[in-house]
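Text of structure.cif, listed as mmCIF, C-alpha atoms and all ligand atoms:
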```cif
data_work
#
loop_
_atom_site.label_atom_id
_atom_site.label_comp_id
_atom_site.auth_asym_id
_atom_site.auth_seq_id
_atom_site.Cartn_x
_atom_site.Cartn_y
_atom_site.Cartn_z
CA MET A 1 0.00 0.00 0.00
CA SER A 2 1.49 3.36 -0.96
CA LYS A 3 -1.01 6.01 0.11
CA ARG A 4 0.22 9.50 1.00
CA VAL A 5 -1.38 10.81 4.18
CA ALA A 6 -1.85 14.30 5.65
CA VAL A 7 -2.90 14.60 9.29
CA LEU A 8 -4.71 17.76 10.41
CA GLY A 9 -4.61 17.83 14.20
CA SER A 10 -1.54 15.59 14.35
CA THR A 11 -0.69 16.50 17.97
CA GLY A 12 -4.11 15.46 19.33
CA SER A 13 -5.45 12.14 20.52
CA VAL A 14 -6.82 11.04 17.11
CA GLY A 15 -3.90 12.62 15.23
CA ARG A 16 -1.26 10.79 17.28
CA GLN A 17 -3.09 7.47 16.85
CA ALA A 18 -3.43 8.16 13.10
CA LEU A 19 0.33 8.59 12.84
CA GLU A 20 0.88 5.36 14.78
CA VAL A 21 -1.46 3.48 12.42
CA ALA A 22 0.06 5.05 9.29
CA GLU A 23 3.49 3.99 10.54
CA HIS A 24 2.21 0.45 11.22
CA LEU A 25 0.90 0.34 7.64
CA GLY A 26 4.12 1.82 6.20
CA LEU A 27 2.33 4.82 4.65
CA SER A 28 4.13 8.06 3.87
CA ILE A 29 3.20 11.25 5.73
CA VAL A 30 3.15 14.25 3.38
CA GLY A 31 1.69 16.88 5.70
CA LEU A 32 1.11 17.62 9.37
CA ALA A 33 -0.92 20.40 11.01
CA ALA A 34 -1.40 21.34 14.65
CA GLY A 35 -2.66 24.19 16.80
CA ARG A 36 -0.24 25.28 19.56
CA ASN A 37 1.96 22.32 20.40
CA ALA A 38 5.16 23.37 18.58
CA HIS A 39 7.28 20.95 20.59
CA LEU A 40 5.36 17.82 19.58
CA LEU A 41 4.87 19.00 15.99
CA ALA A 42 8.64 19.57 15.71
CA GLU A 43 9.24 16.00 16.95
CA GLN A 44 6.72 14.62 14.44
CA VAL A 45 8.30 16.60 11.60
CA GLU A 46 11.74 15.30 12.56
CA LYS A 47 10.41 11.73 12.60
CA TYR A 48 8.14 11.66 9.52
CA ARG A 49 9.87 14.29 7.31
CA PRO A 50 6.64 15.51 5.63
CA GLN A 51 6.63 17.89 2.64
CA TRP A 52 4.83 20.51 4.74
CA ALA A 53 3.89 21.28 8.32
CA VAL A 54 1.63 24.01 9.69
CA LEU A 55 1.33 25.37 13.19
CA ALA A 56 -1.88 27.41 13.32
CA GLU A 57 -1.42 29.21 16.62
CA GLY A 58 1.98 28.48 18.16
CA GLU A 59 5.64 29.55 18.33
CA SER A 60 8.04 28.95 15.44
CA PHE A 61 10.28 25.88 15.49
CA THR A 62 13.20 24.50 13.51
CA ALA A 63 12.60 21.76 10.96
CA PRO A 64 14.65 19.76 8.46
CA ALA A 65 15.17 21.42 5.06
CA CYS A 66 12.89 18.88 3.31
CA THR A 67 9.83 20.26 5.17
CA GLU A 68 8.17 23.56 4.29
CA VAL A 69 6.94 25.02 7.59
CA ALA A 70 4.17 27.62 7.69
CA TYR A 71 2.29 29.40 10.48
CA GLY A 72 -1.21 30.72 11.10
CA PRO A 73 -4.79 29.82 10.15
CA GLU A 74 -4.36 31.01 6.55
CA ALA A 75 -1.44 28.64 6.01
CA LEU A 76 -3.57 25.88 7.53
CA ALA A 77 -6.41 26.69 5.12
CA HIS A 78 -3.96 26.69 2.19
CA PHE A 79 -2.29 23.35 2.95
CA SER A 80 -5.62 21.67 3.74
CA ARG A 81 -6.52 22.23 0.11
CA TRP A 82 -3.11 21.91 -1.61
CA HIS A 83 -1.94 18.94 0.42
CA GLN A 84 -0.41 16.41 -2.05
CA ALA A 85 -2.14 13.61 -0.12
CA ASP A 86 -4.31 10.67 -1.19
CA ILE A 87 -6.09 10.85 2.14
CA VAL A 88 -6.47 13.70 4.62
CA ILE A 89 -7.25 12.89 8.25
CA ALA A 90 -9.42 15.72 9.60
CA ALA A 91 -8.79 15.54 13.35
CA ILE A 92 -8.67 19.13 14.57
CA ALA A 93 -10.91 19.63 17.61
CA GLY A 94 -13.86 22.00 17.57
CA VAL A 95 -15.11 24.45 14.96
CA ALA A 96 -11.43 25.33 14.29
CA GLY A 97 -11.53 22.18 12.15
CA LEU A 98 -14.31 23.45 9.87
CA VAL A 99 -12.33 25.42 7.26
CA PRO A 100 -9.50 22.84 7.02
CA THR A 101 -12.07 20.03 6.59
CA TRP A 102 -14.01 22.09 4.05
CA ASN A 103 -10.86 22.83 2.04
CA ALA A 104 -9.76 19.20 2.10
CA ILE A 105 -13.17 18.23 0.70
CA LEU A 106 -12.95 20.91 -2.00
CA SER A 107 -9.66 19.33 -3.12
CA GLY A 108 -11.71 16.27 -4.17
CA THR A 109 -9.62 13.83 -2.15
CA THR A 110 -10.60 11.18 0.43
CA VAL A 111 -11.20 12.74 3.83
CA ALA A 112 -11.10 10.53 6.92
CA LEU A 113 -13.36 12.56 9.16
CA ALA A 114 -12.98 12.73 12.93
CA ASN A 115 -13.89 16.42 13.40
CA LYS A 116 -17.61 16.10 14.13
CA GLU A 117 -18.14 19.82 14.63
CA SER A 118 -17.78 20.46 10.87
CA LEU A 119 -20.76 18.20 10.07
CA VAL A 120 -22.73 19.57 13.02
CA THR A 121 -22.28 23.20 11.97
CA ALA A 122 -22.24 22.83 8.18
CA GLY A 123 -23.54 19.34 7.41
CA GLU A 124 -25.65 20.26 4.40
CA LEU A 125 -22.92 22.41 2.83
CA ILE A 126 -20.29 19.74 3.43
CA MET A 127 -22.35 16.91 1.94
CA GLN A 128 -23.15 19.07 -1.12
CA ALA A 129 -19.47 20.04 -1.55
CA THR A 130 -18.43 16.38 -1.18
CA SER A 131 -20.60 15.41 -4.09
CA THR A 132 -19.70 18.47 -6.25
CA ALA A 133 -15.95 18.08 -5.68
CA GLY A 134 -16.04 14.29 -6.16
CA ALA A 135 -14.53 13.82 -2.70
CA THR A 136 -15.09 10.80 -0.45
CA VAL A 137 -15.78 11.12 3.27
CA ILE A 138 -14.93 8.10 5.42
CA PRO A 139 -16.02 8.52 9.04
CA ILE A 140 -13.55 7.59 11.76
CA ASP A 141 -15.72 8.43 14.72
CA SER A 142 -16.20 4.86 15.97
CA GLU A 143 -20.02 4.98 15.89
CA HIS A 144 -20.19 6.34 12.36
CA SER A 145 -17.48 4.00 11.17
CA ALA A 146 -19.60 1.15 12.58
CA ILE A 147 -22.73 2.33 10.77
CA TRP A 148 -20.77 2.93 7.57
CA GLN A 149 -19.42 -0.64 7.78
CA CYS A 150 -22.90 -2.10 8.48
CA LEU A 151 -24.28 -0.22 5.47
CA GLN A 152 -21.83 -1.73 2.98
CA GLY A 153 -23.91 -3.63 0.47
CA VAL A 154 -27.23 -2.53 2.02
CA GLU A 155 -29.71 -0.65 -0.17
CA ARG A 156 -30.80 2.61 1.51
CA GLN A 157 -34.48 1.76 1.02
CA HIS A 158 -33.95 -1.23 3.35
CA VAL A 159 -32.65 0.85 6.26
CA TYR A 160 -35.30 1.18 8.99
CA ARG A 161 -33.24 3.08 11.57
CA LEU A 162 -29.78 3.72 12.97
CA LEU A 163 -28.99 2.75 16.57
CA LEU A 164 -26.14 4.87 17.93
CA THR A 165 -24.54 3.39 21.02
CA ALA A 166 -23.21 5.53 23.88
CA SER A 167 -21.11 4.42 26.83
CA GLY A 168 -23.15 6.76 29.03
CA GLY A 169 -19.93 8.35 30.34
CA PRO A 170 -18.65 8.29 33.93
CA PHE A 171 -21.94 9.53 35.46
CA ARG A 172 -24.31 7.02 33.91
CA SER A 173 -25.52 5.83 37.30
CA TRP A 174 -25.14 9.10 39.27
CA ASP A 175 -28.37 10.65 40.55
CA ARG A 176 -29.26 14.22 39.73
CA SER A 177 -28.14 15.78 43.03
CA ARG A 178 -24.73 14.12 42.71
CA LEU A 179 -24.41 15.47 39.15
CA THR A 180 -24.29 19.03 40.53
CA GLN A 181 -21.14 18.06 42.51
CA VAL A 182 -19.14 16.74 39.52
CA THR A 183 -15.49 17.91 39.52
CA ILE A 184 -13.27 18.46 36.47
CA GLY A 185 -11.29 15.34 37.42
CA ASP A 186 -14.48 13.23 37.66
CA ALA A 187 -15.61 14.37 34.22
CA LEU A 188 -12.24 13.74 32.57
CA ALA A 189 -12.15 10.13 33.81
CA HIS A 190 -13.95 8.39 30.94
CA PRO A 191 -14.64 4.71 31.73
CA THR A 192 -13.90 3.19 28.31
CA TRP A 193 -12.30 5.69 25.86
CA LYS A 194 -9.08 7.75 26.05
CA MET A 195 -9.76 10.99 24.14
CA GLY A 196 -9.02 14.74 24.06
CA ARG A 197 -10.43 16.90 26.91
CA LYS A 198 -13.28 18.56 24.98
CA ILE A 199 -14.80 15.32 23.66
CA THR A 200 -14.34 13.65 27.06
CA ILE A 201 -16.50 16.32 28.70
CA ASP A 202 -18.99 16.05 25.83
CA SER A 203 -19.19 12.31 26.50
CA ALA A 204 -19.91 12.95 30.17
CA THR A 205 -22.79 15.38 29.40
CA LEU A 206 -24.04 13.20 26.49
CA MET A 207 -23.62 16.25 24.22
CA ASN A 208 -21.18 14.10 22.27
CA LYS A 209 -23.99 11.67 21.44
CA GLY A 210 -26.24 14.54 20.41
CA LEU A 211 -23.53 15.88 18.08
CA GLU A 212 -23.18 12.36 16.70
CA VAL A 213 -26.91 12.15 15.95
CA ILE A 214 -26.59 15.31 13.83
CA GLU A 215 -23.43 13.92 12.22
CA ALA A 216 -25.21 10.63 11.39
CA HIS A 217 -28.19 12.50 9.94
CA TRP A 218 -25.93 14.25 7.41
CA LEU A 219 -23.49 11.43 6.71
CA PHE A 220 -26.12 8.76 6.03
CA GLY A 221 -29.10 10.88 4.95
CA VAL A 222 -31.35 9.39 7.64
CA SER A 223 -34.09 11.49 9.25
CA TYR A 224 -33.91 12.35 12.97
CA ASN A 225 -37.02 10.21 13.60
CA ASN A 226 -35.04 7.17 12.51
CA ILE A 227 -31.95 7.64 14.66
CA GLU A 228 -32.05 6.26 18.19
CA VAL A 229 -29.49 6.47 21.00
CA VAL A 230 -28.87 3.37 23.14
CA ILE A 231 -26.72 3.34 26.27
CA HIS A 232 -24.18 0.51 26.10
CA PRO A 233 -21.63 0.85 28.93
CA GLU A 234 -19.18 -1.78 27.64
CA SER A 235 -18.47 0.20 24.40
CA ILE A 236 -18.10 -3.03 22.42
CA VAL A 237 -21.01 -2.65 19.99
CA HIS A 238 -20.01 0.60 18.26
CA SER A 239 -23.42 1.14 16.64
CA MET A 240 -26.07 -0.73 14.68
CA VAL A 241 -28.31 -0.54 11.64
CA GLU A 242 -31.83 -1.95 11.83
CA LEU A 243 -33.27 -3.08 8.50
CA THR A 244 -36.89 -3.02 7.34
CA ASP A 245 -37.36 -6.73 8.09
CA GLY A 246 -36.24 -6.27 11.73
CA SER A 247 -32.70 -7.64 11.31
CA ILE A 248 -30.06 -5.64 13.16
CA LEU A 249 -26.49 -5.40 11.87
CA ALA A 250 -23.79 -4.40 14.35
CA GLN A 251 -20.04 -3.83 14.39
CA LEU A 252 -18.13 -5.02 17.46
CA SER A 253 -14.55 -4.59 18.66
CA LEU A 254 -12.63 -3.44 21.70
CA PRO A 255 -12.92 0.36 22.12
CA ASP A 256 -9.81 1.51 20.27
CA MET A 257 -9.76 4.35 17.75
CA ARG A 258 -6.86 2.79 15.87
CA LEU A 259 -9.29 0.33 14.28
CA PRO A 260 -11.64 2.82 12.53
CA ILE A 261 -8.59 4.95 11.65
CA GLN A 262 -6.89 1.94 10.07
CA LEU A 263 -9.98 0.99 8.08
CA ALA A 264 -10.22 4.54 6.68
CA LEU A 265 -6.58 4.32 5.62
CA THR A 266 -6.76 0.85 4.06
CA TYR A 267 -10.27 0.98 2.57
CA PRO A 268 -11.44 -0.79 0.41
CA THR A 269 -9.10 -3.45 1.71
CA ARG A 270 -8.50 -4.72 5.27
CA VAL A 271 -5.21 -5.78 6.80
CA GLU A 272 -4.09 -7.07 10.17
CA SER A 273 -4.00 -4.42 12.88
CA SER A 274 -2.11 -4.05 16.15
CA VAL A 275 -5.39 -3.64 18.06
CA PRO A 276 -6.08 -6.57 20.44
CA ARG A 277 -8.87 -8.90 19.32
CA LEU A 278 -12.20 -9.16 21.10
CA ASN A 279 -12.73 -12.28 23.21
CA LEU A 280 -16.51 -12.69 23.53
CA SER A 281 -16.50 -15.51 26.08
CA GLN A 282 -14.23 -13.47 28.38
CA LEU A 283 -16.60 -10.54 28.00
CA ARG A 284 -19.62 -12.64 29.05
CA GLN A 285 -22.28 -9.94 28.74
CA LEU A 286 -23.30 -6.87 26.76
CA THR A 287 -25.90 -4.53 28.26
CA PHE A 288 -28.18 -1.89 26.75
CA ALA A 289 -30.48 0.77 28.24
CA ASP A 290 -32.35 3.95 27.37
CA PRO A 291 -30.55 7.26 28.01
CA ARG A 292 -31.70 9.33 31.05
CA LEU A 293 -32.83 12.33 29.07
CA ASP A 294 -34.01 14.44 32.05
CA ASP A 295 -30.70 14.16 33.88
CA PHE A 296 -28.54 14.62 30.77
CA PRO A 297 -30.38 17.40 28.90
CA CYS A 298 -27.56 18.04 26.39
CA LEU A 299 -28.62 15.02 24.33
CA ASN A 300 -32.10 16.38 23.64
CA LEU A 301 -30.84 19.95 23.22
CA ALA A 302 -28.62 18.71 20.39
CA ILE A 303 -31.32 16.59 18.74
CA GLU A 304 -33.81 19.49 18.95
CA ALA A 305 -31.24 21.88 17.43
CA GLY A 306 -30.60 19.35 14.66
CA ARG A 307 -34.31 19.01 13.93
CA ALA A 308 -34.84 22.79 14.02
CA GLY A 309 -32.03 23.12 11.46
CA ARG A 310 -31.01 26.48 9.92
CA SER A 311 -28.43 28.13 12.20
CA TYR A 312 -29.46 26.33 15.43
CA PRO A 313 -26.81 23.56 15.26
CA ILE A 314 -24.06 26.20 14.83
CA VAL A 315 -25.28 27.98 17.96
CA LEU A 316 -25.56 24.71 19.87
CA ASN A 317 -21.99 23.80 19.02
CA ALA A 318 -20.54 27.27 19.77
CA ALA A 319 -22.37 27.57 23.10
CA ASN A 320 -21.23 24.10 24.05
CA GLU A 321 -17.58 24.83 23.19
CA VAL A 322 -17.71 28.01 25.33
CA ALA A 323 -19.46 26.21 28.20
CA VAL A 324 -17.06 23.24 28.17
CA GLU A 325 -14.08 25.60 28.21
CA ALA A 326 -15.63 27.48 31.15
CA PHE A 327 -16.24 24.20 33.00
CA LEU A 328 -12.65 23.06 32.36
CA SER A 329 -11.34 26.34 33.79
CA ALA A 330 -13.60 25.97 36.88
CA ARG A 331 -15.77 29.01 36.02
CA ILE A 332 -19.04 27.05 35.90
CA GLY A 333 -20.33 23.75 37.25
CA PHE A 334 -21.08 20.60 35.27
CA MET A 335 -24.85 21.14 35.18
CA ASP A 336 -24.31 24.74 33.99
CA ILE A 337 -23.16 23.36 30.62
CA PRO A 338 -26.72 22.49 29.45
CA ARG A 339 -28.02 25.72 31.04
CA VAL A 340 -25.61 27.89 28.99
CA VAL A 341 -26.38 25.95 25.81
CA ARG A 342 -30.15 26.21 26.36
CA GLN A 343 -30.09 29.93 27.15
CA THR A 344 -27.92 30.67 24.10
CA LEU A 345 -30.25 28.67 21.84
CA GLU A 346 -33.36 30.34 23.27
CA ALA A 347 -31.92 33.82 22.60
CA HIS A 348 -30.99 33.01 18.99
CA ASN A 349 -32.89 34.28 15.93
CA PRO A 350 -32.34 31.57 13.31
CA VAL A 351 -31.24 32.26 9.74
CA GLN A 352 -30.74 30.13 6.63
CA VAL A 353 -27.10 29.14 6.17
CA THR A 354 -25.86 29.12 2.60
CA ASP A 355 -22.08 29.43 2.90
CA ILE A 356 -19.16 28.74 5.23
CA ASP A 357 -18.54 32.44 5.98
CA THR A 358 -22.05 32.66 7.43
CA VAL A 359 -21.34 29.59 9.58
CA LEU A 360 -18.22 31.29 10.97
CA GLU A 361 -20.07 34.59 11.60
CA ILE A 362 -22.90 32.88 13.48
CA ASP A 363 -20.37 30.84 15.42
CA LEU A 364 -18.63 34.03 16.62
CA GLU A 365 -21.93 35.73 17.54
CA ALA A 366 -23.11 32.66 19.44
CA ARG A 367 -19.82 32.50 21.37
CA GLU A 368 -20.28 36.10 22.51
CA SER A 369 -23.88 35.37 23.45
CA ALA A 370 -22.88 32.22 25.39
CA LYS A 371 -20.20 34.13 27.32
CA GLY A 372 -23.00 36.35 28.64
CA TYR A 373 -24.60 33.29 30.29
CA ILE A 374 -21.35 32.12 31.87
CA GLY A 375 -21.14 35.06 34.26
CA ASN A 376 -17.91 36.02 36.03
P1 LIG B 401 -7.48 16.72 20.98
O1 LIG B 401 -7.86 17.86 21.84
O2 LIG B 401 -6.72 15.60 21.58
O3 LIG B 401 -6.62 17.27 19.74
C1 LIG B 401 -7.06 18.35 18.99
C2 LIG B 401 -6.12 18.63 17.83
O4 LIG B 401 -6.60 19.81 17.16
C3 LIG B 401 -4.69 18.93 18.29
O5 LIG B 401 -3.79 18.50 17.32
C4 LIG B 401 -4.70 20.47 18.35
O6 LIG B 401 -3.42 21.03 18.21
C5 LIG B 401 -5.53 20.77 17.11
N1 LIG B 401 -6.08 22.10 17.15
C6 LIG B 401 -6.83 22.67 18.12
N2 LIG B 401 -7.14 23.95 17.78
C7 LIG B 401 -6.58 24.17 16.59
C8 LIG B 401 -6.55 25.28 15.71
N3 LIG B 401 -7.16 26.43 16.00
N4 LIG B 401 -5.90 25.15 14.53
C9 LIG B 401 -5.27 23.98 14.21
N5 LIG B 401 -5.26 22.89 15.00
C10 LIG B 401 -5.91 23.00 16.17
O7 LIG B 401 -8.82 16.21 20.29
P2 LIG B 401 -9.21 14.74 19.80
O8 LIG B 401 -8.08 14.17 19.02
O9 LIG B 401 -9.78 13.99 20.92
O10 LIG B 401 -10.42 15.06 18.83
C11 LIG B 401 -10.24 15.63 17.55
C12 LIG B 401 -11.57 15.63 16.83
O11 LIG B 401 -11.96 14.28 16.61
C13 LIG B 401 -12.72 16.28 17.61
O12 LIG B 401 -13.59 16.91 16.72
C14 LIG B 401 -13.41 15.10 18.27
O13 LIG B 401 -14.77 15.35 18.52
C15 LIG B 401 -13.22 14.04 17.20
N6 LIG B 401 -13.22 12.67 17.70
C16 LIG B 401 -12.30 12.27 18.63
C17 LIG B 401 -12.28 10.99 19.10
C18 LIG B 401 -11.25 10.51 20.07
O14 LIG B 401 -11.21 9.32 20.37
N7 LIG B 401 -10.39 11.35 20.59
C19 LIG B 401 -13.28 10.00 18.65
C20 LIG B 401 -14.16 10.52 17.63
C21 LIG B 401 -14.13 11.80 17.20
P3 LIG B 401 -2.48 21.41 19.50
O15 LIG B 401 -2.62 20.27 20.46
O16 LIG B 401 -1.14 21.50 18.86
O17 LIG B 401 -2.98 22.70 20.04
#
```
Exercise: express the given structure as structure tokens:
Amino acid sequence: MSKRVAVLGSTGSVGRQALEVAEHLGLSIVGLAAGRNAHLLAEQVEKYRPQWAVLAEGESFTAPACTEVAYGPEALAHFSRWHQADIVIAAIAGVAGLVPTWNAILSGTTVALANKESLVTAGELIMQATSTAGATVIPIDSEHSAIWQCLQGVERQHVYRLLLTASGGPFRSWDRSRLTQVTIGDALAHPTWKMGRKITIDSATLMNKGLEVIEAHWLFGVSYNNIEVVIHPESIVHSMVELTDGSILAQLSLPDMRLPIQLALTYPTRVESSVPRLNLSQLRQLTFADPRLDDFPCLNLAIEAGRAGRSYPIVLNAANEVAVEAFLSARIGFMDIPRVVRQTLEAHNPVQVTDIDTVLEIDLEARESAKGYIGN
């Protein structure tokens, strides 16, 4: 296999695992992009010797002569489009990943998509651009990778509904009064997945699952009425597709992002991976339950924003990013996250969104609005 790979967000949790998998597969790295972590990016550049490397927000660093190094968001936008890669891994966290993902899609290449915020904020535009540019989007979020795998060879008319599984996060069995006492450390201790800080908090509030419902709606063209969330604490069944005759297809494996990343890189073929295999008899049982919607309001806030459409999902995402940041810097409590998101959504006057610049404008406005509900 001789694919050339560019990794946007190479210093993050998904980005680092993507580099590990690419190395395991013997693929060449042609480009790397990160936000602030100059030290780690410099190490990666030294190791992989890409053609280009971009640091969007950090200090300059020294690199070997074979690598063109550039700085700032404009350089990031440029190299996301003119990347020289067969496959671009879009793994920047938050709405900061929108323009790079968008540009990678416009280049008409294959995009392995981790950055869920781009589909949440601009799903319709992204799916249209994917088809116009002749690009291919392969999801690497484990749930969407699972659904995408289950859908191979299935005619869309035979899909009854999608069943998105959720671990339920660390507070699955906490009662409501205890949820008001959650500390930053509690919320960062995810029971089954090791991920970046923002998505770990989103998993604890169930906002992550709400964002994934919106993502699934756009990726697979399935209506919100036909997407259901199921709590599955073991994180072994990564999601399911129910067909019209009642059959349910599922994808199972140990919770390890290297598997969906590897499949995106090797598709349409499959090769051996370094991920440990699942031993079902050791596992003994798999459990499923309904989500506790009243105690974890972020899930319904996201689904309602997705259903309401127009600019609501952009506002949901922006308010959530602001609220999660405020929680992580101890300015608000855990249960203030849904409060800030709800108040920001309620104050919003929706508009139709027809281009990426409008997405970015609404995102900025919503951030300012959300800050007003954070307080001092
Ligand atoms: P991390 O926080 O671990 O990493 C984020 C990456 O984005 C880092 O490389 C960071 O660079 C980079 N970044 C942040 N801001 C900017 C910016 N303004 N410009 C350029 N780069 C920037 O996040 P994860 O790897 O956990 O998640 C990445 C994305 O993948 C998210 O959208 C998440 O929802 C999604 N995802 C993650 C999963 C996981 O298992 N982690 C699973 C499924 C989806 P730096 O560190 O140098 O600042």
Centre, edges in Å (one decimal): axis-aligned box, ligand LIG 401 (chain B), 5 Å padding on all six sides, as lines of an AutoDock Vina configuration file:
```
center_x = -8.0
center_y = 17.9
center_z = 18.0
size_x = 23.6
size_y = 27.1
size_z = 17.6
```
(request) Would you list the contacts of Gly72 in chain A as a list in words, taking every protein, DNA or RNA residue within 9 Å and counting all atoms listed in the file, but skipping same-chain residues closer than 5 positions in sequence? (result) Gly35, Val54, Leu55, Ala56, Glu57, Gly58 and Ala77 of chain A
Give me a file of those residues, with C-alpha atoms, as an mmCIF file, in the frame of the given file.
```cif
data_model
loop_
_atom_site.group_PDB
_atom_site.id
_atom_site.type_symbol
_atom_site.label_atom_id
_atom_site.label_comp_id
_atom_site.auth_asym_id
_atom_site.auth_seq_id
_atom_site.Cartn_x
_atom_site.Cartn_y
_atom_site.Cartn_z
ATOM 1 C CA GLY A 35 -2.660 24.190 16.800
ATOM 2 C CA VAL A 54 1.630 24.010 9.690
ATOM 3 C CA LEU A 55 1.330 25.370 13.190
ATOM 4 C CA ALA A 56 -1.880 27.410 13.320
ATOM 5 C CA GLU A 57 -1.420 29.210 16.620
ATOM 6 C CA GLY A 58 1.980 28.480 18.160
ATOM 7 C CA ALA A 77 -6.410 26.690 5.120
#
```
Within 7 Å of range 82-97 of chain A using only C-alpha atoms, minus same-chain residues under 4 positions, as a PDB file with C-alpha atoms, in the coordinates of the input:
```pdb
ATOM      1  CA  LYS A   3      -1.010   6.010   0.110  1.00  0.00           C
ATOM      2  CA  ARG A   4       0.220   9.500   1.000  1.00  0.00           C
ATOM      3  CA  VAL A   5      -1.380  10.810   4.180  1.00  0.00           C
ATOM      4  CA  ALA A   6      -1.850  14.300   5.650  1.00  0.00           C
ATOM      5  CA  VAL A   7      -2.900  14.600   9.290  1.00  0.00           C
ATOM      6  CA  LEU A   8      -4.710  17.760  10.410  1.00  0.00           C
ATOM      7  CA  GLY A   9      -4.610  17.830  14.200  1.00  0.00           C
ATOM      8  CA  VAL A  14      -6.820  11.040  17.110  1.00  0.00           C
ATOM      9  CA  GLY A  15      -3.900  12.620  15.230  1.00  0.00           C
ATOM     10  CA  VAL A  30       3.150  14.250   3.380  1.00  0.00           C
ATOM     11  CA  GLY A  31       1.690  16.880   5.700  1.00  0.00           C
ATOM     12  CA  HIS A  78      -3.960  26.690   2.190  1.00  0.00           C
ATOM     13  CA  THR A 101     -12.070  20.030   6.590  1.00  0.00           C
ATOM     14  CA  ALA A 104      -9.760  19.200   2.100  1.00  0.00           C
ATOM     15  CA  THR A 109      -9.620  13.830  -2.150  1.00  0.00           C
ATOM     16  CA  THR A 110     -10.600  11.180   0.430  1.00  0.00           C
ATOM     17  CA  VAL A 111     -11.200  12.740   3.830  1.00  0.00           C
ATOM     18  CA  ALA A 112     -11.100  10.530   6.920  1.00  0.00           C
ATOM     19  CA  LEU A 113     -13.360  12.560   9.160  1.00  0.00           C
ATOM     20  CA  ALA A 114     -12.980  12.730  12.930  1.00  0.00           C
ATOM     21  CA  ASN A 115     -13.890  16.420  13.400  1.00  0.00           C
ATOM     22  CA  GLU A 117     -18.140  19.820  14.630  1.00  0.00           C
ATOM     23  CA  SER A 118     -17.780  20.460  10.870  1.00  0.00           C
TER      24      SER A 118
END
```
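Of the residues under consideration (A:Gln44, A:Thr121, A:Ser223, A:Asn208), A:Asn208 shows the shortest atom-to-atom contact distance to ligand LIG 401 (chain B) when counting only C-alpha atoms and all ligand atoms.
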(request) May I ask which of the residues A:Thr200, A:Gln128, A:Ser274, A:Ser2 is the closest one to ligand LIG 401 (chain B), counting all atoms listed in the file? (result) A:Thr200
(request) Give me, please, the distance in Å between CA of Leu211 in chain A and CA of Tyr224 in chain A, quoted to one decimal. (result) 12.1 Å
(message) So that I can see what lies close to range 63-69 of chain A, please list as an MDAnalysis selection string the residues with an atom at most 7 Å from it, counting only C-alpha atoms and leaving out residues fewer than 5 positions away in the same chain.
(response) chainID A and resid 42 45:46 49:54
(message) Quick check, in Å to one decimal: how far apart do CA of Leu119 in chain A and CA of Leu219 in chain A lie?
(response)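 About the pair CA of Leu119 in chain A and CA of Leu219 in chain A: they are 8.0 Å apart.
The smallest atom-to-atom distance between ligand LIG 401 (chain B) and any of A:His232, A:Lys194, A:Arg81, A:Arg156, using all atoms listed in the file, is found for A:Lys194.
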